[in-house]
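For reference, the structure discussed in these notes is given below.
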Amino acid sequence: MLRIHFTSHDLQNIRIARQPDPLWELICGVCRLETGQGPLDFGPWRRAAKERLSKDPVAVRALSPLRALIPAAGYIPDFLTPPVTGGGLPAGLDQVRRTPRARLVHELTRLAESRPLPNWTTSLGRPGSDALTSLAAALGISFRALVEPHWPHIRTAVGNDVDLRSRALLDGGTRALLDGLRPLARWKAPVLEVDYPTERDLYLEGRGLLLVPSFFCWRRPTALADPGLDPVLVYPVEKAPLAFARGTDDGVERLLGRTRTAVLTEVAGRKARTTSEVAEAVGIALPSVSYQIGVLRDGGLVASHRDGRYVLHTATPLGLRLLSTGSFAGAR
């Protein structure tokens with residue numbers, strides 16, 4: 001368990017990253033690629049990634065040093081996931097290239113305690129060596145091969161989570177935001193108890209906490225290993241099983257019609273959606289969306305429930321199966 005200790009100042013300085021962080025998604029994605037974890041959530045992505053790698057020797061070579069530094073479980077060097085700035089992949093890679101030599105040696109020494117490292121890692125950050133620049137380039141190539149093709153889906157899933165957290169904060173304040181992290185974490189003021197593979201205590205000491213929703217983070221949150229770095233808590237967002245199999249639903253369109261299919265797909269792609277959010281995403285008038293959702297609800301494909309001032313819509317298991325079957329049928 002990870003126990004995060006808050007002060008009153010920390011409670012005033014909780015932030016949520018508004019969009020997915022490219023390097024956190026890549027590092028977590030490499031972990032998912034190396035295992036069979038989450039077959040429903042990540043199976044289609046894993047198959048697509050392996051097919052892409054089979055045709056891209058440059059990406060295969062770029063992935064090799066990442067596999068050396070990123071174990072599927074256990075310690076991962078913090079320098080691979082620099083501070084989340086919202087500046088996108090270029091800003092993150094620039095921070096990786098500027099990692100001080102002393103920090104690299106410290107973190108790689110710790111990693112070497114659990115697994116053998118290739119000889120090239122000893123030259124990272126050494127004056128006159130381009131190994132760190134090469135590693136940053138490998139991160140960029142791997143991101144473009146494994147993550148970038150699915151970035152719209154990742155942004156959608158993360159955006160949905162940010163919407164829910166923001167709504168909780170507006171309706172109930174910081175306590176509601178932290179309570180809403182269940183079952184991943186439990187708020188027992190002034191400590192947030194996080195499901196974690198090791199026993200740790202993290203004292204924020206006035207630095208606040210950045211919550212980073214992540215698509216490829218799986219089952220439990222993760223945090224930086226070094227307690228001296230700016231505190232972040234990366235946690236998994238909920239995903240529809242068809243997140244990477246959408247877009248080939250011709251059979252469903254023939255059955256439901258294009259507009260109704262678009263509404264169902266938008267509802268299924270996120271945990272819960274308000275009517276106005278669906279209308280904005282699909283690009284049709286609010287009364288039309290209300291009608292279409294009503295038809296889908298009558299057909300058992302969508303469920304609706306009130307949550308405070310909002311009516312939230314989710315796809316039922318039948319709706320998810322219909323989209324999933326239609327998507328894979330269209331792909332064959």
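Ordered as shown in the structure tokens, chains take letters A, B, and onward, while each chain numbers its residues from 1 and ligands are numbered from 1 in the order shown.
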Any chance you could tabulate, as a Markdown table, the residues of segment 41-134 of chain A at most 9 Å from segment 222-230 of chain A with each one's nearest atom pair and distance in Å to one decimal, using only C-alpha atoms, in chain and rising number order?
```
| residue | atom | partner | partner_atom | distance |
| --- | --- | --- | --- | --- |
| A:Tyr75 | CA | A:Ala225 | CA | 7.5 |
| A:Ile76 | CA | A:Ala225 | CA | 8.0 |
| A:Pro77 | CA | A:Ala225 | CA | 7.9 |
| A:Asp78 | CA | A:Leu224 | CA | 6.0 |
| A:Thr81 | CA | A:Leu224 | CA | 8.3 |
| A:Pro83 | CA | A:Asp230 | CA | 7.3 |
```
Q.
Run DSSP on the backbone and tell me which residues of segment 88-318 of chain A come out as helix (DSSP H, G or I); list them as a PyMOL selection string.
A. chain A and resi 88-97+101-112+119-123+131-146+148-179+250-256+258-268+275-282+286-298+317-318
Q. Pick from A:Val212, A:Ile284, A:Leu135, A:Ala68: nearest to Arg165 of chain A, with only C-alpha atoms counted?
A.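 Checking each of A:Val212, A:Ile284, A:Leu135, A:Ala68 against Arg165 of chain A, counting only C-alpha atoms, the winner is A:Val212.
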Q: Extract, using only C-alpha atoms, all DNA, RNA and protein residues at most 12 Å from Ala48 of chain A, discarding same-chain residues fewer than 3 positions from it, and format them as a count of residues only.
A: 17
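Using only C-alpha atoms for every distance, the candidate list A:Ser288, A:Ser114, A:Ser123, A:Thr133 yields A:Thr133 as the residue closest to Leu93 of chain A.
For the set A:Pro20, A:Leu66, A:Glu199, A:Thr174, the residue with the smallest atom-to-atom gap to Trp187 of chain A is A:Thr174, counting only C-alpha atoms.
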**Q.** Which of segment 151-244 of chain A fall in strand (DSSP E or B), as a PyMOL selection string
**A.** chain A and resi 185-188+191-194+200-203+209-214+222+232-236
Q.
Using Å and a single decimal, report how far atom CA of Ser64 of chain A sits from atom CA of Gly128 of chain A.
A. 22.7 Å
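The closest residue to Asn13 of chain A, picked from A:Leu211, A:Leu256, A:Ala59, A:Leu301 and counting only C-alpha atoms, is A:Leu211.
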Q) For Ser290 of chain A, which residue among A:His305, A:His313, A:Arg126, A:Arg144 is the nearest when counting only C-alpha atoms? A)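 Closest to Ser290 of chain A of all the choices is A:His313.
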Q: Considering only C-alpha atoms, return as a PyMOL selection string whatever protein or nucleic-acid residues lie within 10 Å of Leu124 of chain A, sequence-local ones (same chain, fewer than 2 positions apart) excluded.
A: chain A and resi 97+99-101+104-105+108+120-122+126-127+129-135
Would you write out those residues with all heavy atoms, as a compact mmCIF listing (two decimals), in the first residue's frame?
```txt
# COMPACT_ATOMS: atom_id res chain seq x y z
N ARG A 97 16.42 14.10 -22.56
CA ARG A 97 17.77 14.37 -23.05
C ARG A 97 18.59 15.20 -22.07
O ARG A 97 19.83 15.11 -22.06
CB ARG A 97 17.69 15.11 -24.40
CG ARG A 97 17.35 14.21 -25.58
CD ARG A 97 17.52 14.94 -26.90
NE ARG A 97 16.50 15.98 -27.05
CZ ARG A 97 15.34 15.80 -27.68
NH1 ARG A 97 15.06 14.62 -28.21
NH2 ARG A 97 14.49 16.80 -27.79
N THR A 99 18.51 14.99 -18.76
CA THR A 99 18.64 14.35 -17.44
C THR A 99 20.10 14.39 -16.98
O THR A 99 21.00 13.98 -17.72
CB THR A 99 18.18 12.88 -17.49
OG1 THR A 99 16.87 12.80 -18.03
CG2 THR A 99 18.20 12.27 -16.10
N PRO A 100 20.36 14.88 -15.77
CA PRO A 100 21.75 14.94 -15.28
C PRO A 100 22.38 13.56 -15.16
O PRO A 100 21.70 12.57 -14.84
CB PRO A 100 21.60 15.60 -13.90
CG PRO A 100 20.29 16.32 -13.95
CD PRO A 100 19.40 15.50 -14.84
N ARG A 101 23.66 13.50 -15.41
CA ARG A 101 24.41 12.25 -15.35
C ARG A 101 24.30 11.59 -13.97
O ARG A 101 24.10 10.38 -13.88
CB ARG A 101 25.88 12.54 -15.69
CG ARG A 101 26.86 11.40 -15.37
CD ARG A 101 26.76 10.26 -16.34
NE ARG A 101 27.82 9.28 -16.11
CZ ARG A 101 27.87 8.09 -16.68
NH1 ARG A 101 26.93 7.72 -17.53
NH2 ARG A 101 28.87 7.26 -16.42
N LEU A 104 21.03 9.79 -13.64
CA LEU A 104 21.01 8.59 -14.46
C LEU A 104 21.76 7.45 -13.77
O LEU A 104 21.27 6.31 -13.72
CB LEU A 104 21.64 8.88 -15.83
CG LEU A 104 20.84 9.79 -16.76
CD1 LEU A 104 21.72 10.24 -17.92
CD2 LEU A 104 19.61 9.05 -17.28
N VAL A 105 22.94 7.75 -13.25
CA VAL A 105 23.74 6.71 -12.59
C VAL A 105 22.99 6.15 -11.39
O VAL A 105 22.93 4.93 -11.18
CB VAL A 105 25.11 7.28 -12.16
CG1 VAL A 105 25.85 6.28 -11.27
CG2 VAL A 105 25.94 7.62 -13.38
N LEU A 108 19.85 4.06 -12.66
CA LEU A 108 20.23 2.83 -13.35
C LEU A 108 20.89 1.84 -12.40
O LEU A 108 20.75 0.62 -12.56
CB LEU A 108 21.16 3.16 -14.52
CG LEU A 108 20.49 3.93 -15.67
CD1 LEU A 108 21.52 4.34 -16.71
CD2 LEU A 108 19.39 3.09 -16.32
N TRP A 120 25.57 -0.59 -22.94
CA TRP A 120 25.37 0.77 -23.45
C TRP A 120 24.78 1.70 -22.40
O TRP A 120 24.93 2.92 -22.50
CB TRP A 120 24.50 0.76 -24.71
CG TRP A 120 23.11 0.24 -24.53
CD1 TRP A 120 22.67 -1.01 -24.79
CD2 TRP A 120 21.97 0.97 -24.04
NE1 TRP A 120 21.33 -1.13 -24.50
CE2 TRP A 120 20.88 0.08 -24.05
CE3 TRP A 120 21.76 2.28 -23.61
CZ2 TRP A 120 19.61 0.45 -23.63
CZ3 TRP A 120 20.50 2.66 -23.19
CH2 TRP A 120 19.44 1.75 -23.20
N THR A 121 24.12 1.15 -21.38
CA THR A 121 23.51 2.01 -20.37
C THR A 121 24.56 2.77 -19.56
O THR A 121 24.25 3.83 -18.99
CB THR A 121 22.62 1.19 -19.42
OG1 THR A 121 23.42 0.20 -18.75
CG2 THR A 121 21.49 0.51 -20.18
N THR A 122 25.78 2.26 -19.49
CA THR A 122 26.82 2.94 -18.70
C THR A 122 27.26 4.24 -19.35
O THR A 122 27.87 5.09 -18.69
CB THR A 122 28.04 2.03 -18.51
OG1 THR A 122 28.59 1.72 -19.80
CG2 THR A 122 27.65 0.74 -17.81
N ARG A 126 27.05 10.42 -20.30
CA ARG A 126 28.50 10.65 -20.21
C ARG A 126 28.90 11.73 -21.21
O ARG A 126 28.42 11.74 -22.36
CB ARG A 126 29.24 9.35 -20.50
CG ARG A 126 30.76 9.45 -20.43
CD ARG A 126 31.40 8.12 -20.78
NE ARG A 126 31.03 7.09 -19.80
CZ ARG A 126 31.22 5.79 -20.01
NH1 ARG A 126 31.72 5.37 -21.16
NH2 ARG A 126 30.90 4.91 -19.07
N PRO A 127 29.76 12.67 -20.83
CA PRO A 127 30.20 13.71 -21.76
C PRO A 127 30.78 13.11 -23.04
O PRO A 127 31.58 12.18 -23.01
CB PRO A 127 31.29 14.45 -20.96
CG PRO A 127 30.91 14.23 -19.54
CD PRO A 127 30.35 12.84 -19.48
N SER A 129 29.10 11.41 -25.20
CA SER A 129 28.30 10.26 -25.65
C SER A 129 26.94 10.74 -26.16
O SER A 129 26.34 11.65 -25.59
CB SER A 129 28.10 9.27 -24.51
OG SER A 129 27.15 8.27 -24.86
N ASP A 130 26.46 10.10 -27.21
CA ASP A 130 25.13 10.43 -27.74
C ASP A 130 24.10 9.39 -27.35
O ASP A 130 23.02 9.32 -27.92
CB ASP A 130 25.20 10.58 -29.26
CG ASP A 130 25.58 9.27 -29.97
OD1 ASP A 130 25.93 8.29 -29.27
OD2 ASP A 130 25.52 9.24 -31.21
N ALA A 131 24.44 8.56 -26.33
CA ALA A 131 23.53 7.47 -25.95
C ALA A 131 22.19 8.00 -25.45
O ALA A 131 21.14 7.42 -25.74
CB ALA A 131 24.18 6.60 -24.88
N LEU A 132 22.20 9.09 -24.69
CA LEU A 132 20.94 9.63 -24.16
C LEU A 132 20.10 10.22 -25.29
O LEU A 132 18.87 10.08 -25.30
CB LEU A 132 21.24 10.68 -23.10
CG LEU A 132 20.06 11.10 -22.21
CD1 LEU A 132 19.42 9.90 -21.54
CD2 LEU A 132 20.52 12.10 -21.15
N THR A 133 20.75 10.87 -26.25
CA THR A 133 20.03 11.38 -27.41
C THR A 133 19.42 10.24 -28.20
O THR A 133 18.27 10.32 -28.67
CB THR A 133 20.98 12.20 -28.31
OG1 THR A 133 21.48 13.32 -27.57
CG2 THR A 133 20.26 12.70 -29.55
N SER A 134 20.17 9.15 -28.35
CA SER A 134 19.66 7.98 -29.06
C SER A 134 18.47 7.35 -28.33
O SER A 134 17.50 6.91 -28.94
CB SER A 134 20.77 6.94 -29.24
OG SER A 134 21.82 7.46 -30.03
N LEU A 135 18.56 7.33 -26.99
CA LEU A 135 17.45 6.78 -26.22
C LEU A 135 16.20 7.64 -26.38
O LEU A 135 15.10 7.11 -26.54
CB LEU A 135 17.84 6.68 -24.75
CG LEU A 135 16.74 6.19 -23.80
CD1 LEU A 135 16.29 4.78 -24.18
CD2 LEU A 135 17.22 6.22 -22.35
```
(Q) Let me make sure I understand: among A:Arg321, A:Arg207, A:Arg175, A:Arg155, which one has the smallest atom-to-atom distance to Lys188 of chain A if we use only C-alpha atoms? (A)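 Result for the nearest residue to Lys188 of chain A: A:Arg175.
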